[in-house]
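Undergrad: Dropping in entry_13.csv, which is CSV, C-alpha atoms and all ligand atoms:
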chain,number,residue,atom,x,y,z
A,11,MET,CA,8.4,39.8,9.0
A,12,ASN,CA,10.8,38.0,6.7
A,13,ILE,CA,10.2,34.3,7.2
A,14,LEU,CA,12.4,31.4,5.9
A,15,VAL,CA,10.6,28.0,5.5
A,16,THR,CA,13.0,25.1,5.1
A,17,GLY,CA,12.0,21.7,3.7
A,18,SER,CA,9.5,23.6,1.6
A,19,ARG,CA,8.6,20.8,-0.8
A,20,GLY,CA,7.6,18.5,2.1
A,21,GLN,CA,4.0,18.1,3.4
A,22,LEU,CA,4.1,20.9,5.9
A,23,GLY,CA,6.3,23.2,3.8
A,24,SER,CA,3.9,22.8,0.8
A,25,GLU,CA,0.9,23.6,3.0
A,26,LEU,CA,2.7,26.7,4.3
A,27,LEU,CA,3.5,27.7,0.7
A,28,GLU,CA,-0.2,27.5,-0.2
A,29,LEU,CA,-1.2,29.5,2.9
A,30,SER,CA,1.4,32.2,2.3
A,31,ALA,CA,-0.5,33.5,-0.7
A,32,SER,CA,-3.1,34.9,1.7
A,33,CYS,CA,-0.6,36.3,4.2
A,34,ARG,CA,0.2,39.7,2.9
A,35,ASN,CA,1.7,41.0,6.2
A,36,HIS,CA,4.8,38.7,5.9
A,37,ARG,CA,7.4,38.0,3.2
A,38,PHE,CA,8.0,34.3,2.9
A,39,PHE,CA,11.1,32.6,1.4
A,40,PHE,CA,10.7,28.9,0.6
A,41,TYR,CA,13.7,26.7,0.2
A,42,ASP,CA,14.4,23.0,0.0
A,43,LEU,CA,17.2,20.7,-1.2
A,44,PRO,CA,19.4,21.3,-3.2
A,45,GLU,CA,19.2,25.1,-3.0
A,46,LEU,CA,19.2,25.0,0.8
A,47,ASP,CA,20.7,22.1,2.7
A,48,ILE,CA,20.2,22.8,6.4
A,49,THR,CA,23.2,20.7,7.3
A,50,ARG,CA,25.4,23.4,5.6
A,51,SER,CA,25.9,26.3,8.0
A,52,ASP,CA,27.4,28.4,5.2
A,53,GLN,CA,24.2,28.0,3.1
A,54,VAL,CA,21.9,28.7,6.1
A,55,ASP,CA,23.9,31.8,7.2
A,56,SER,CA,24.3,33.4,3.8
A,57,LEU,CA,20.6,32.9,2.8
A,58,CYS,CA,19.3,34.3,6.1
A,59,ARG,CA,21.7,37.3,5.8
A,60,ASP,CA,20.7,37.9,2.1
A,61,HIS,CA,16.9,37.8,2.9
A,62,GLY,CA,17.1,39.6,6.3
A,63,ILE,CA,15.4,36.6,7.9
A,64,GLU,CA,13.6,37.3,11.2
A,65,VAL,CA,11.8,33.9,11.6
A,66,ILE,CA,13.0,30.5,10.6
A,67,VAL,CA,10.3,27.8,10.3
A,68,ASN,CA,12.1,24.5,10.1
A,69,CYS,CA,10.0,22.0,8.2
A,70,ALA,CA,13.0,20.1,6.9
A,71,ALA,CA,13.7,16.7,8.5
A,72,TYR,CA,14.8,13.2,7.9
A,73,THR,CA,11.3,11.6,8.2
A,74,ALA,CA,11.8,8.0,6.9
A,75,VAL,CA,11.2,6.3,10.3
A,76,ASP,CA,12.1,2.7,9.3
A,77,LYS,CA,15.1,3.7,7.0
A,78,ALA,CA,16.6,5.8,9.8
A,79,GLU,CA,17.3,2.5,11.7
A,80,THR,CA,20.0,1.6,9.1
A,81,ASP,CA,20.8,5.2,7.9
A,82,SER,CA,21.3,6.7,11.4
A,83,ALA,CA,24.3,8.9,10.4
A,84,LEU,CA,22.1,10.9,8.0
A,85,ALA,CA,19.1,10.9,10.3
A,86,PHE,CA,21.3,12.5,13.1
A,87,LYS,CA,22.9,14.9,10.7
A,88,VAL,CA,19.6,16.3,9.5
A,89,ASN,CA,17.5,16.0,12.6
A,90,ARG,CA,20.1,16.8,15.3
A,91,ASP,CA,23.1,18.5,13.8
A,92,ALA,CA,21.2,20.8,11.4
A,93,SER,CA,18.9,21.8,14.3
A,94,ALA,CA,22.0,23.1,16.1
A,95,ILE,CA,23.1,25.0,12.9
A,96,LEU,CA,19.7,26.7,12.6
A,97,ALA,CA,19.7,27.5,16.3
A,98,ALA,CA,23.1,29.1,16.0
A,99,CYS,CA,22.0,31.1,13.0
A,100,ALA,CA,18.8,32.2,14.9
A,101,LYS,CA,21.0,33.3,17.9
A,102,GLU,CA,23.3,35.3,15.6
A,103,ARG,CA,20.4,37.1,14.0
A,104,ASN,CA,18.2,37.4,17.1
A,105,ALA,CA,15.6,35.5,15.0
A,106,LEU,CA,12.7,33.3,16.2
A,107,LEU,CA,13.3,29.6,15.4
A,108,LEU,CA,10.0,27.7,15.0
A,109,HIS,CA,10.9,24.0,14.8
A,110,ILE,CA,8.8,21.0,14.2
A,111,SER,CA,9.2,17.8,16.3
A,112,THR,CA,7.3,14.6,16.9
A,113,ASP,CA,5.2,12.5,19.2
A,114,TYR,CA,7.8,9.7,18.6
A,115,VAL,CA,9.9,11.4,21.4
A,116,PHE,CA,7.6,9.4,23.7
A,117,ASP,CA,7.7,5.6,24.3
A,118,GLY,CA,3.9,5.2,24.3
A,119,THR,CA,3.6,3.7,27.8
A,120,SER,CA,1.2,6.4,29.0
A,121,SER,CA,-2.5,6.0,29.0
A,122,THR,CA,-3.3,9.7,29.3
A,123,PRO,CA,-2.4,12.4,26.7
A,124,TYR,CA,1.2,13.4,26.9
A,125,ARG,CA,2.0,16.9,28.3
A,126,GLU,CA,5.0,18.8,27.1
A,127,SER,CA,6.8,18.3,30.4
A,128,ASP,CA,6.3,14.5,30.5
A,129,PRO,CA,9.5,12.4,30.4
A,130,THR,CA,10.6,11.5,26.9
A,131,ALA,CA,12.0,8.1,25.9
A,132,PRO,CA,12.1,7.7,22.1
A,133,LEU,CA,12.1,4.1,20.9
A,134,GLY,CA,14.0,4.3,17.6
A,135,VAL,CA,16.6,6.3,15.7
A,136,TYR,CA,14.2,8.8,14.2
A,137,GLY,CA,12.7,9.6,17.6
A,138,ILE,CA,16.1,9.9,19.3
A,139,SER,CA,17.5,12.1,16.5
A,140,LYS,CA,14.4,14.4,16.7
A,141,TRP,CA,14.7,14.6,20.5
A,142,GLU,CA,18.4,15.4,20.4
A,143,GLY,CA,17.5,18.1,17.8
A,144,GLU,CA,15.0,19.6,20.3
A,145,GLU,CA,17.7,19.7,22.9
A,146,CYS,CA,20.2,21.5,20.6
A,147,ILE,CA,17.6,24.2,20.1
A,148,ARG,CA,16.7,24.6,23.7
A,149,GLN,CA,20.4,24.9,24.6
A,150,THR,CA,21.3,27.5,21.9
A,151,ALA,CA,18.4,29.5,20.5
A,152,PRO,CA,17.4,32.5,22.7
A,153,SER,CA,14.0,32.6,21.0
A,154,TYR,CA,12.4,29.3,19.9
A,155,ILE,CA,9.2,27.4,19.7
A,156,ILE,CA,9.3,23.7,19.3
A,157,ILE,CA,6.0,22.2,18.1
A,158,ARG,CA,5.6,18.4,18.5
A,159,THR,CA,3.0,17.0,16.1
A,160,SER,CA,1.8,13.6,15.1
A,161,TRP,CA,0.5,11.5,12.1
A,162,LEU,CA,0.8,14.3,9.6
A,163,TYR,CA,-1.0,14.0,6.2
A,164,SER,CA,-1.5,16.5,3.4
A,165,LEU,CA,-2.5,17.0,-0.2
A,166,TYR,CA,1.2,16.9,-0.9
A,167,GLY,CA,3.8,14.1,-0.8
A,168,VAL,CA,3.3,10.5,0.3
A,169,ASN,CA,1.2,9.9,3.4
A,170,PHE,CA,-1.2,7.4,5.0
A,171,VAL,CA,-4.3,9.0,3.6
A,172,LYS,CA,-3.1,8.9,0.0
A,173,THR,CA,-1.8,5.4,0.5
A,174,MET,CA,-5.2,4.2,1.8
A,175,LEU,CA,-7.0,5.9,-1.1
A,176,ARG,CA,-4.7,4.1,-3.6
A,177,ILE,CA,-4.8,0.7,-1.9
A,178,GLY,CA,-8.6,1.0,-1.2
A,179,ALA,CA,-9.2,1.5,-5.0
A,180,GLU,CA,-7.1,-1.7,-5.8
A,181,ARG,CA,-8.1,-4.2,-3.2
A,182,PRO,CA,-11.4,-5.6,-1.8
A,183,GLU,CA,-10.1,-5.7,1.8
A,184,LEU,CA,-7.2,-4.4,3.8
A,185,HIS,CA,-5.7,-5.1,7.3
A,186,VAL,CA,-4.7,-2.1,9.4
A,187,VAL,CA,-3.1,-2.0,12.9
A,188,ALA,CA,-5.6,-1.3,15.6
A,189,ASP,CA,-3.5,-1.2,18.7
A,190,GLN,CA,-1.5,2.0,18.0
A,191,ILE,CA,-3.4,5.0,19.3
A,192,GLY,CA,-2.7,8.6,18.4
A,193,THR,CA,-4.1,11.6,16.5
A,194,PRO,CA,-4.0,12.3,12.8
A,195,THR,CA,-3.1,15.9,11.9
A,196,TRP,CA,-3.8,17.7,8.7
A,197,ALA,CA,-0.7,19.6,7.8
A,198,ALA,CA,-2.9,22.5,6.6
A,199,ASP,CA,-4.2,23.0,10.1
A,200,LEU,CA,-0.7,23.0,11.6
A,201,ALA,CA,0.4,25.5,8.9
A,202,ALA,CA,-2.4,27.8,9.9
A,203,ALA,CA,-1.5,27.5,13.6
A,204,ILE,CA,2.2,28.3,12.8
A,205,VAL,CA,1.2,31.5,10.9
A,206,LEU,CA,-1.1,32.5,13.8
A,207,ILE,CA,1.8,32.0,16.3
A,208,ILE,CA,4.1,34.1,14.0
A,209,ASP,CA,1.4,36.8,13.8
A,210,ARG,CA,1.1,36.9,17.6
A,211,HIS,CA,4.8,36.6,18.5
A,212,GLU,CA,6.3,39.8,19.6
A,213,ARG,CA,9.4,40.6,17.5
A,214,GLY,CA,12.7,40.4,19.4
A,215,PHE,CA,11.0,39.0,22.5
A,216,SER,CA,13.0,36.1,24.1
A,217,TYR,CA,10.8,33.2,24.4
A,218,GLY,CA,11.4,29.5,24.6
A,219,ALA,CA,8.6,26.9,24.6
A,220,THR,CA,7.8,23.3,23.6
A,221,LEU,CA,4.2,22.9,22.5
A,222,HIS,CA,2.0,20.0,21.4
A,223,TYR,CA,-0.2,20.3,18.3
A,224,SER,CA,-2.3,17.6,16.7
A,225,ASN,CA,-5.9,17.6,15.6
A,226,GLU,CA,-8.5,17.0,18.3
A,227,GLY,CA,-9.6,13.5,19.2
A,228,VAL,CA,-8.1,10.0,19.3
A,229,ALA,CA,-7.8,7.2,16.7
A,230,SER,CA,-6.1,4.0,15.9
A,231,TRP,CA,-4.5,3.6,12.4
A,232,TYR,CA,-7.5,1.2,11.8
A,233,ASP,CA,-10.0,4.0,12.8
A,234,PHE,CA,-8.1,6.4,10.5
A,235,ALA,CA,-8.2,4.0,7.6
A,236,ARG,CA,-11.9,3.3,8.1
A,237,ALA,CA,-12.6,7.0,8.1
A,238,VAL,CA,-10.7,7.5,4.9
A,239,MET,CA,-12.7,4.8,3.2
A,240,ASP,CA,-16.0,6.0,4.6
A,241,LEU,CA,-15.5,9.7,3.8
A,242,ALA,CA,-14.1,8.9,0.3
A,243,GLY,CA,-17.0,6.5,-0.4
A,244,ILE,CA,-14.6,3.5,-1.1
A,245,SER,CA,-16.0,0.1,-0.5
A,246,CYS,CA,-12.7,-1.6,0.5
A,247,LYS,CA,-13.3,-3.5,3.8
A,248,VAL,CA,-10.9,-2.5,6.6
A,249,LEU,CA,-10.0,-5.2,9.1
A,250,PRO,CA,-8.2,-4.7,12.4
A,251,ILE,CA,-4.9,-6.4,13.2
A,252,GLU,CA,-2.4,-6.2,16.1
A,253,SER,CA,1.0,-4.6,15.6
A,254,ALA,CA,2.6,-8.0,16.2
A,255,SER,CA,1.1,-9.3,13.0
A,256,TYR,CA,2.5,-6.3,11.0
A,257,PRO,CA,6.2,-6.1,11.9
A,258,GLN,CA,7.9,-2.9,11.1
A,259,ILE,CA,11.7,-2.1,11.3
A,260,ALA,CA,11.4,0.7,13.7
A,261,PRO,CA,9.5,0.4,17.0
A,262,ARG,CA,6.5,2.8,17.3
A,263,PRO,CA,4.8,4.1,20.5
A,264,HIS,CA,1.5,2.2,21.2
A,265,TYR,CA,0.0,5.4,22.5
A,266,SER,CA,1.1,8.9,21.5
A,267,VAL,CA,-2.0,11.1,22.0
A,268,MET,CA,-0.8,14.6,23.1
A,269,ASN,CA,-2.3,17.1,25.5
A,270,LYS,CA,-2.7,20.4,23.6
A,271,SER,CA,-3.9,22.7,26.5
A,272,ALA,CA,-0.8,24.9,26.4
A,273,ILE,CA,-1.0,25.9,22.7
A,274,LYS,CA,-4.7,26.5,23.0
A,275,LYS,CA,-4.5,28.5,26.1
A,276,GLU,CA,-1.2,30.5,25.5
A,277,TRP,CA,-1.7,31.2,21.8
A,278,GLY,CA,-5.5,31.1,21.5
A,279,ILE,CA,-5.4,28.4,18.9
A,280,GLU,CA,-8.6,26.5,18.0
A,281,ILE,CA,-8.0,23.0,16.9
A,282,PRO,CA,-10.3,21.1,14.5
A,283,TYR,CA,-11.5,17.5,15.2
A,284,TRP,CA,-9.4,15.1,13.2
A,285,ARG,CA,-12.3,13.6,11.2
A,286,ASP,CA,-13.6,17.0,10.2
A,287,SER,CA,-10.1,17.9,9.0
A,288,LEU,CA,-9.9,14.6,7.1
A,289,ALA,CA,-13.2,15.3,5.4
A,290,ALA,CA,-12.0,18.8,4.4
A,291,MET,CA,-8.7,17.5,3.1
A,292,LEU,CA,-10.5,14.8,1.0
A,293,GLN,CA,-12.8,17.5,-0.4
A,294,ARG,CA,-9.8,19.6,-1.4
A,295,LEU,CA,-8.1,16.6,-2.9
A,296,ALA,CA,-11.2,15.8,-5.0
A,297,GLU,CA,-11.5,19.4,-6.1
A,298,SER,CA,-7.8,19.5,-7.1
A,299,GLY,CA,-8.3,16.5,-9.4
A,300,VAL,CA,-4.9,15.0,-8.2
B,401,LIG,N1,5.1,13.0,8.6
B,401,LIG,C1,4.6,12.7,9.8
B,401,LIG,O1,3.8,11.9,10.1
B,401,LIG,C2,5.2,13.5,11.0
B,401,LIG,C3,4.7,13.2,12.3
B,401,LIG,C4,5.2,13.9,13.4
B,401,LIG,C5,6.2,14.9,13.2
B,401,LIG,N2,6.6,15.2,11.9
B,401,LIG,C6,7.6,16.3,11.7
B,401,LIG,O2,7.0,17.3,11.0
B,401,LIG,C7,7.9,18.0,10.2
B,401,LIG,C8,7.4,18.1,8.8
B,401,LIG,O3,7.2,16.8,8.3
B,401,LIG,P1,6.7,16.5,6.8
B,401,LIG,O4,5.8,15.3,6.9
B,401,LIG,O5,6.3,17.7,6.1
B,401,LIG,O6,8.1,16.0,6.2
B,401,LIG,P2,8.5,15.6,4.7
B,401,LIG,O7,7.2,15.7,3.9
B,401,LIG,O8,9.3,14.4,4.7
B,401,LIG,O9,9.3,16.9,4.3
B,401,LIG,C9,10.6,17.1,4.7
B,401,LIG,C10,11.4,17.9,3.7
B,401,LIG,O10,12.7,18.2,4.2
B,401,LIG,C11,13.6,18.0,3.1
B,401,LIG,N3,14.9,17.7,3.6
B,401,LIG,C12,15.5,16.6,4.0
B,401,LIG,N4,16.8,16.7,4.3
B,401,LIG,C13,17.0,18.1,4.1
B,401,LIG,C14,18.2,18.9,4.3
B,401,LIG,N5,19.4,18.4,4.7
B,401,LIG,N6,18.1,20.2,4.0
B,401,LIG,C15,16.9,20.7,3.6
B,401,LIG,N7,15.8,20.0,3.4
B,401,LIG,C16,15.9,18.7,3.7
B,401,LIG,C17,13.0,16.8,2.4
B,401,LIG,O11,13.5,16.7,1.1
B,401,LIG,P3,13.7,15.2,0.5
B,401,LIG,O12,12.2,14.7,0.3
B,401,LIG,O13,14.4,15.4,-0.8
B,401,LIG,O14,14.4,14.3,1.4
B,401,LIG,C18,11.5,17.2,2.4
B,401,LIG,O15,11.2,18.0,1.3
B,401,LIG,C19,9.2,17.2,10.4
B,401,LIG,O16,10.0,17.9,11.3
B,401,LIG,C20,8.8,15.9,10.9
B,401,LIG,O17,9.8,15.3,11.7
B,401,LIG,C21,6.1,14.5,10.8
Write out the structure in this file as structure tokens.

TA:
Amino acid sequence: MNILVTGSRGQLGSELLELSASCRNHRFFFYDLPELDITRSDQVDSLCRDHGIEVIVNCAAYTAVDKAETDSALAFKVNRDASAILAACAKERNALLLHISTDYVFDGTSSTPYRESDPTAPLGVYGISKWEGEECIRQTAPSYIIIRTSWLYSLYGVNFVKTMLRIGAERPELHVVADQIGTPTWAADLAAAIVLIIDRHERGFSYGATLHYSNEGVASWYDFARAVMDLAGISCKVLPIESASYPQIAPRPHYSVMNKSAIKKEWGIEIPYWRDSLAAMLQRLAESGV
């Protein structure tokens, strides 16, 4: 299959690029700004035509959750309007659109893991723009898979794990929010799940699904930070605080654990436990010497 990956220099795009080296049965085309701006339908259409694209994996997004509150026009342009552009292109080409969304479409008032069919109620601009992007795809693309994920980290880009490693090396102690509960997800695991889904997807088959994927297990940001320090052998002491003592511009869901039964059952995907994946990522980071 000819596969376009947008936002290819981001965390997930970079993990897909690394994985693509071992996927000899597909031809991948990786693009990011400025060569491909997904808000430009002319660029999207001509690139898909030139490469005979059969699957679009949309890893491009406006992901600055706090900045989105004051930069909403761009957040909606990238997360909502460009999703509509990709969906129209996928429809025109009879291609599969595999799009990534977020746990931030939920308001966090649940106390049990969110299912795909649960009501959404995003709290901030980022979550609303991602939710509206999902809706554009559901309305237009004849063949789509929307994967909602959470708390992504990777060897690449800026993320919580790398920030904890940096701060942990500089300070003797650190306060981290303990009342926001979710699940960390190693972008390399999600990338592997995406490739498996593409392998198993029947070409030209009309299929529309919203699926949840995070690593297994549950953690607070405090648990996550503790695990980073423990596994990396950093002595920085991590202390729990409440969200109220750490004000952020955009509101976040207090609980965003997702139920992953559908993706496991329908696509036969095995999901690693978050702490095991974190250990594997830290190992790879150490080996890479970054
Ligand atoms: N990060 C998380 O914790 C998290 C959690 C849940 C869901 N998600 C979702 O998972 C997906 C992947 O996230 P990620 O962490 O890999 O994101 P990321 O690292 O921020 O990467 C996004 C990439 O998209 C690019 N981009 C932005 N606007 C674009 C445009 N108009 N056209 C083309 N490319 C554009 C960005 O370029 P610039 O850097 O130059 O802007 C960046 O390279 C996104 O859909 C995100 O919403 C992420």

Undergrad: Take the point (-10.8, 3.1, -2.0) as written in the file and pick out every residue within 8 Å of it, counting all atoms listed in the file; give the list as a PDB file with C-alpha atoms, in the coordinates of the input.

TA:
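Final output, result.pdb:
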ATOM      1  CA  MET A 174      -5.200   4.200   1.800  1.00  0.00           C
ATOM      2  CA  LEU A 175      -7.000   5.900  -1.100  1.00  0.00           C
ATOM      3  CA  ARG A 176      -4.700   4.100  -3.600  1.00  0.00           C
ATOM      4  CA  ILE A 177      -4.800   0.700  -1.900  1.00  0.00           C
ATOM      5  CA  GLY A 178      -8.600   1.000  -1.200  1.00  0.00           C
ATOM      6  CA  ALA A 179      -9.200   1.500  -5.000  1.00  0.00           C
ATOM      7  CA  GLU A 180      -7.100  -1.700  -5.800  1.00  0.00           C
ATOM      8  CA  ARG A 181      -8.100  -4.200  -3.200  1.00  0.00           C
ATOM      9  CA  MET A 239     -12.700   4.800   3.200  1.00  0.00           C
ATOM     10  CA  ALA A 242     -14.100   8.900   0.300  1.00  0.00           C
ATOM     11  CA  GLY A 243     -17.000   6.500  -0.400  1.00  0.00           C
ATOM     12  CA  ILE A 244     -14.600   3.500  -1.100  1.00  0.00           C
ATOM     13  CA  SER A 245     -16.000   0.100  -0.500  1.00  0.00           C
ATOM     14  CA  CYS A 246     -12.700  -1.600   0.500  1.00  0.00           C
TER      15      CYS A 246
END

Undergrad: Mind pulling up the distance from atom O12 of ligand LIG 401 (chain B) to atom CA of A:His109?

TA: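 Spanning atom CA of A:His109 to atom O12 of ligand LIG 401 (chain B) is a straight-line distance of 17.3 Å.
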
Undergrad: Would you place a box with edges along x, y and z of the file around all atoms of ligand LIG 401 (chain B) listed there, add 8 Å to each of its six sides, and report the centre and edge lengths in Å to one decimal, as AutoDock Vina command-line options?

TA:
--center_x 11.6 --center_y 16.3 --center_z 6.3 --size_x 31.6 --size_y 24.8 --size_z 30.2

Undergrad: Between atom CA of A:Asn269 and atom CA of A:Thr195, what distance in Å does the model show, to one decimal?

TA: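 These two atoms are separated by 13.7 Å.
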
Undergrad: Give the residue list for ligand LIG 401 (chain B) at 7 Å, counting all atoms listed in the file, as a ChimeraX atom specification, sorted by chain and then by residue number.

TA: /A:16-23,42-43,46-49,69-73,88,110-113,140,158-163,167

Undergrad: Since the input lacks some atoms of stretch 12-40 of chain A, please model N, CA and C atoms and print them as a PDB file, keeping the file's coordinate frame.

TA:
ATOM      1  N   ASN A  12      10.208  38.808   7.742  1.00  0.00           N
ATOM      2  CA  ASN A  12      10.800  38.000   6.700  1.00  0.00           C
ATOM      3  C   ASN A  12      11.002  36.578   7.253  1.00  0.00           C
ATOM      4  N   ILE A  13      10.335  35.630   6.605  1.00  0.00           N
ATOM      5  CA  ILE A  13      10.200  34.300   7.200  1.00  0.00           C
ATOM      6  C   ILE A  13      10.866  33.261   6.199  1.00  0.00           C
ATOM      7  N   LEU A  14      11.812  32.486   6.705  1.00  0.00           N
ATOM      8  CA  LEU A  14      12.400  31.400   5.900  1.00  0.00           C
ATOM      9  C   LEU A  14      11.672  30.093   6.262  1.00  0.00           C
ATOM     10  N   VAL A  15      11.196  29.379   5.240  1.00  0.00           N
ATOM     11  CA  VAL A  15      10.600  28.000   5.500  1.00  0.00           C
ATOM     12  C   VAL A  15      11.565  27.030   4.811  1.00  0.00           C
ATOM     13  N   THR A  16      12.146  26.156   5.632  1.00  0.00           N
ATOM     14  CA  THR A  16      13.000  25.100   5.100  1.00  0.00           C
ATOM     15  C   THR A  16      12.217  23.846   4.811  1.00  0.00           C
ATOM     16  N   GLY A  17      12.767  22.968   4.006  1.00  0.00           N
ATOM     17  CA  GLY A  17      12.000  21.700   3.700  1.00  0.00           C
ATOM     18  C   GLY A  17      10.722  22.042   2.984  1.00  0.00           C
ATOM     19  N   SER A  18      10.733  23.061   2.125  1.00  0.00           N
ATOM     20  CA  SER A  18       9.500  23.600   1.600  1.00  0.00           C
ATOM     21  C   SER A  18       8.729  22.753   0.626  1.00  0.00           C
ATOM     22  N   ARG A  19       9.378  21.682   0.136  1.00  0.00           N
ATOM     23  CA  ARG A  19       8.600  20.800  -0.800  1.00  0.00           C
ATOM     24  C   ARG A  19       8.061  19.583  -0.048  1.00  0.00           C
ATOM     25  N   GLY A  20       8.216  19.534   1.271  1.00  0.00           N
ATOM     26  CA  GLY A  20       7.600  18.500   2.100  1.00  0.00           C
ATOM     27  C   GLY A  20       6.127  18.752   2.307  1.00  0.00           C
ATOM     28  N   GLN A  21       5.496  17.895   3.094  1.00  0.00           N
ATOM     29  CA  GLN A  21       4.000  18.100   3.400  1.00  0.00           C
ATOM     30  C   GLN A  21       3.729  19.390   4.015  1.00  0.00           C
ATOM     31  N   LEU A  22       4.382  19.670   5.143  1.00  0.00           N
ATOM     32  CA  LEU A  22       4.100  20.900   5.900  1.00  0.00           C
ATOM     33  C   LEU A  22       4.557  22.128   5.142  1.00  0.00           C
ATOM     34  N   GLY A  23       5.758  22.044   4.561  1.00  0.00           N
ATOM     35  CA  GLY A  23       6.300  23.200   3.800  1.00  0.00           C
ATOM     36  C   GLY A  23       5.357  23.535   2.650  1.00  0.00           C
ATOM     37  N   SER A  24       4.811  22.533   1.977  1.00  0.00           N
ATOM     38  CA  SER A  24       3.900  22.800   0.800  1.00  0.00           C
ATOM     39  C   SER A  24       2.611  23.444   1.296  1.00  0.00           C
ATOM     40  N   GLU A  25       2.103  23.014   2.456  1.00  0.00           N
ATOM     41  CA  GLU A  25       0.900  23.600   3.000  1.00  0.00           C
ATOM     42  C   GLU A  25       1.146  25.093   3.381  1.00  0.00           C
ATOM     43  N   LEU A  26       2.335  25.357   3.923  1.00  0.00           N
ATOM     44  CA  LEU A  26       2.700  26.700   4.300  1.00  0.00           C
ATOM     45  C   LEU A  26       2.814  27.591   3.018  1.00  0.00           C
ATOM     46  N   LEU A  27       3.373  26.996   1.972  1.00  0.00           N
ATOM     47  CA  LEU A  27       3.500  27.700   0.700  1.00  0.00           C
ATOM     48  C   LEU A  27       2.127  28.126   0.187  1.00  0.00           C
ATOM     49  N   GLU A  28       1.192  27.178   0.246  1.00  0.00           N
ATOM     50  CA  GLU A  28      -0.200  27.500  -0.200  1.00  0.00           C
ATOM     51  C   GLU A  28      -0.806  28.592   0.622  1.00  0.00           C
ATOM     52  N   LEU A  29      -0.626  28.496   1.937  1.00  0.00           N
ATOM     53  CA  LEU A  29      -1.200  29.500   2.900  1.00  0.00           C
ATOM     54  C   LEU A  29      -0.593  30.858   2.710  1.00  0.00           C
ATOM     55  N   SER A  30       0.690  30.890   2.353  1.00  0.00           N
ATOM     56  CA  SER A  30       1.400  32.200   2.300  1.00  0.00           C
ATOM     57  C   SER A  30       0.823  33.144   1.305  1.00  0.00           C
ATOM     58  N   ALA A  31       0.124  32.614   0.305  1.00  0.00           N
ATOM     59  CA  ALA A  31      -0.500  33.500  -0.700  1.00  0.00           C
ATOM     60  C   ALA A  31      -1.487  34.449  -0.090  1.00  0.00           C
ATOM     61  N   SER A  32      -2.095  34.038   1.045  1.00  0.00           N
ATOM     62  CA  SER A  32      -3.100  34.900   1.700  1.00  0.00           C
ATOM     63  C   SER A  32      -2.514  35.663   2.898  1.00  0.00           C
ATOM     64  N   CYS A  33      -1.183  35.586   3.099  1.00  0.00           N
ATOM     65  CA  CYS A  33      -0.600  36.300   4.200  1.00  0.00           C
ATOM     66  C   CYS A  33       0.215  37.487   3.724  1.00  0.00           C
ATOM     67  N   ARG A  34      -0.470  38.579   3.525  1.00  0.00           N
ATOM     68  CA  ARG A  34       0.200  39.700   2.900  1.00  0.00           C
ATOM     69  C   ARG A  34       1.080  40.509   3.882  1.00  0.00           C
ATOM     70  N   ASN A  35       0.944  40.250   5.198  1.00  0.00           N
ATOM     71  CA  ASN A  35       1.700  41.000   6.200  1.00  0.00           C
ATOM     72  C   ASN A  35       3.138  40.422   6.394  1.00  0.00           C
ATOM     73  N   HIS A  36       3.474  39.310   5.728  1.00  0.00           N
ATOM     74  CA  HIS A  36       4.800  38.700   5.900  1.00  0.00           C
ATOM     75  C   HIS A  36       5.416  38.482   4.482  1.00  0.00           C
ATOM     76  N   ARG A  37       6.771  38.404   4.481  1.00  0.00           N
ATOM     77  CA  ARG A  37       7.400  38.000   3.200  1.00  0.00           C
ATOM     78  C   ARG A  37       8.043  36.607   3.494  1.00  0.00           C
ATOM     79  N   PHE A  38       7.572  35.625   2.749  1.00  0.00           N
ATOM     80  CA  PHE A  38       8.000  34.300   2.900  1.00  0.00           C
ATOM     81  C   PHE A  38       9.110  33.913   1.903  1.00  0.00           C
ATOM     82  N   PHE A  39      10.094  33.132   2.339  1.00  0.00           N
ATOM     83  CA  PHE A  39      11.100  32.600   1.400  1.00  0.00           C
ATOM     84  C   PHE A  39      11.142  31.098   1.610  1.00  0.00           C
ATOM     85  N   PHE A  40      10.825  30.386   0.545  1.00  0.00           N
ATOM     86  CA  PHE A  40      10.700  28.900   0.600  1.00  0.00           C
ATOM     87  C   PHE A  40      11.903  28.254  -0.017  1.00  0.00           C
TER      88      PHE A  40
END
